[in-house]
Amino acid sequence: MKEITECKRLLHDGLVEEVIPKLRELLAHEKYPADELFYLLGNAYRKQQNWQQAINCYSEAISVNPESPAREARTMILDILNFYHKDLYNP
């Protein structure tokens, strides 16, 4: 689990470009909890504002563990993307 802790630290420090390949590598080993890795990967993509990749990763985390915090994160992104304010679109 030391590797996951390191990924969390990198993510917290904003080193997104560095953490994404590390998380992908950990996912390939299949010895770590996939739901947590997908959640962290979704967070990394969210920090890049890569909404589709973040949603995809959160969805993967939810498919592995329906109680994952990824459920709330995915809902938050979808709410933001679906936000519509009619006055903002009126010239």
# chains A, B, ... in the order shown; residues from 1 in each chain; ligands from 1
>>> residues_around(residues="segment 8-25 of chain A", least_positions_apart="3", cutoff="9 Å", atoms="only C-alpha atoms", output="number ranges by chain")
A: 3-5, 28-29, 37-38, 40-41, 43-45, 47-48
>>> write_last_selection(atoms="N, CA and C atoms", output="mmCIF file, in the first residue's frame")
data_model
loop_
_atom_site.group_PDB
_atom_site.id
_atom_site.type_symbol
_atom_site.label_atom_id
_atom_site.label_comp_id
_atom_site.auth_asym_id
_atom_site.auth_seq_id
_atom_site.Cartn_x
_atom_site.Cartn_y
_atom_site.Cartn_z
ATOM 1 N N GLU A 3 2.759 2.211 -2.282
ATOM 2 C CA GLU A 3 2.657 2.815 -3.607
ATOM 3 C C GLU A 3 1.421 3.711 -3.715
ATOM 4 N N ILE A 4 0.321 3.280 -3.126
ATOM 5 C CA ILE A 4 -0.909 4.080 -3.163
ATOM 6 C C ILE A 4 -0.718 5.358 -2.353
ATOM 7 N N THR A 5 -0.071 5.247 -1.209
ATOM 8 C CA THR A 5 0.208 6.429 -0.391
ATOM 9 C C THR A 5 1.065 7.427 -1.166
ATOM 10 N N ALA A 28 -2.390 -2.287 -13.630
ATOM 11 C CA ALA A 28 -1.973 -3.433 -14.444
ATOM 12 C C ALA A 28 -1.518 -4.608 -13.579
ATOM 13 N N HIS A 29 -1.010 -4.319 -12.369
ATOM 14 C CA HIS A 29 -0.518 -5.382 -11.491
ATOM 15 C C HIS A 29 -1.641 -6.174 -10.843
ATOM 16 N N LEU A 37 -7.807 2.760 -6.912
ATOM 17 C CA LEU A 37 -6.917 3.248 -7.965
ATOM 18 C C LEU A 37 -7.692 4.011 -9.037
ATOM 19 N N PHE A 38 -8.847 3.495 -9.440
ATOM 20 C CA PHE A 38 -9.664 4.204 -10.426
ATOM 21 C C PHE A 38 -10.165 5.536 -9.869
ATOM 22 N N LEU A 40 -8.615 7.414 -7.609
ATOM 23 C CA LEU A 40 -7.470 8.333 -7.623
ATOM 24 C C LEU A 40 -7.152 8.784 -9.049
ATOM 25 N N LEU A 41 -7.255 7.869 -9.991
ATOM 26 C CA LEU A 41 -7.011 8.222 -11.389
ATOM 27 C C LEU A 41 -8.055 9.229 -11.868
ATOM 28 N N ASN A 43 -9.533 11.384 -9.977
ATOM 29 C CA ASN A 43 -9.159 12.654 -9.358
ATOM 30 C C ASN A 43 -8.046 13.342 -10.132
ATOM 31 N N ALA A 44 -7.093 12.554 -10.616
ATOM 32 C CA ALA A 44 -5.993 13.126 -11.396
ATOM 33 C C ALA A 44 -6.527 13.749 -12.687
ATOM 34 N N TYR A 45 -7.393 13.030 -13.379
ATOM 35 C CA TYR A 45 -7.966 13.574 -14.613
ATOM 36 C C TYR A 45 -8.852 14.792 -14.335
ATOM 37 N N LYS A 47 -8.315 16.971 -12.012
ATOM 38 C CA LYS A 47 -7.396 18.100 -11.817
ATOM 39 C C LYS A 47 -6.894 18.648 -13.148
ATOM 40 N N GLN A 48 -6.848 17.800 -14.163
ATOM 41 C CA GLN A 48 -6.461 18.236 -15.509
ATOM 42 C C GLN A 48 -7.648 18.825 -16.267
#
>>> residues_around(residues="segment 69-76 of chain A", least_positions_apart="6", cutoff="7 Å", atoms="only C-alpha atoms", output="list in words")
Tyr39, Ile55, Tyr58, Ala61 and Ile62 of chain A
>>> select_by_dssp(residues="chain A", states="helix (DSSP H, G or I)", output="number ranges by chain")
A: 2-12, 16-29, 34-47, 51-64, 70-81, 86-89
>>> closest_residue(among="A:Asn56, A:Ser68, A:Ser63, A:Asn82", to="Gly42 of chain A", atoms="only C-alpha atoms")
A:Asn56
>>> decode(residues="segment 44-70 of chain A", atoms="C-alpha atoms", output="PDB file, in the first residue's frame")
ATOM      1  CA  ALA A  44      -5.993  13.126 -11.396  1.00  0.00           C
ATOM      2  CA  TYR A  45      -7.966  13.574 -14.613  1.00  0.00           C
ATOM      3  CA  ARG A  46     -10.355  15.923 -12.825  1.00  0.00           C
ATOM      4  CA  LYS A  47      -7.396  18.100 -11.817  1.00  0.00           C
ATOM      5  CA  GLN A  48      -6.461  18.236 -15.509  1.00  0.00           C
ATOM      6  CA  GLN A  49     -10.067  19.176 -16.299  1.00  0.00           C
ATOM      7  CA  ASN A  50     -10.276  16.069 -18.465  1.00  0.00           C
ATOM      8  CA  TRP A  51     -13.897  15.508 -17.532  1.00  0.00           C
ATOM      9  CA  GLN A  52     -14.621  12.515 -19.762  1.00  0.00           C
ATOM     10  CA  GLN A  53     -11.625  10.523 -18.540  1.00  0.00           C
ATOM     11  CA  ALA A  54     -12.472  11.422 -14.938  1.00  0.00           C
ATOM     12  CA  ILE A  55     -16.065  10.240 -15.392  1.00  0.00           C
ATOM     13  CA  ASN A  56     -14.860   7.023 -17.028  1.00  0.00           C
ATOM     14  CA  CYS A  57     -12.486   6.290 -14.142  1.00  0.00           C
ATOM     15  CA  TYR A  58     -15.109   7.082 -11.530  1.00  0.00           C
ATOM     16  CA  SER A  59     -17.551   4.783 -13.336  1.00  0.00           C
ATOM     17  CA  GLU A  60     -14.978   1.980 -13.283  1.00  0.00           C
ATOM     18  CA  ALA A  61     -14.470   2.497  -9.550  1.00  0.00           C
ATOM     19  CA  ILE A  62     -18.227   2.352  -8.975  1.00  0.00           C
ATOM     20  CA  SER A  63     -18.559  -0.841 -11.020  1.00  0.00           C
ATOM     21  CA  VAL A  64     -15.986  -2.496  -8.749  1.00  0.00           C
ATOM     22  CA  ASN A  65     -17.363  -1.009  -5.524  1.00  0.00           C
ATOM     23  CA  PRO A  66     -20.803   0.651  -5.595  1.00  0.00           C
ATOM     24  CA  GLU A  67     -20.039   2.318  -2.244  1.00  0.00           C
ATOM     25  CA  SER A  68     -16.892   4.023  -3.567  1.00  0.00           C
ATOM     26  CA  PRO A  69     -16.461   7.771  -3.016  1.00  0.00           C
ATOM     27  CA  ALA A  70     -16.226   7.882  -6.805  1.00  0.00           C
TER      28      ALA A  70
END
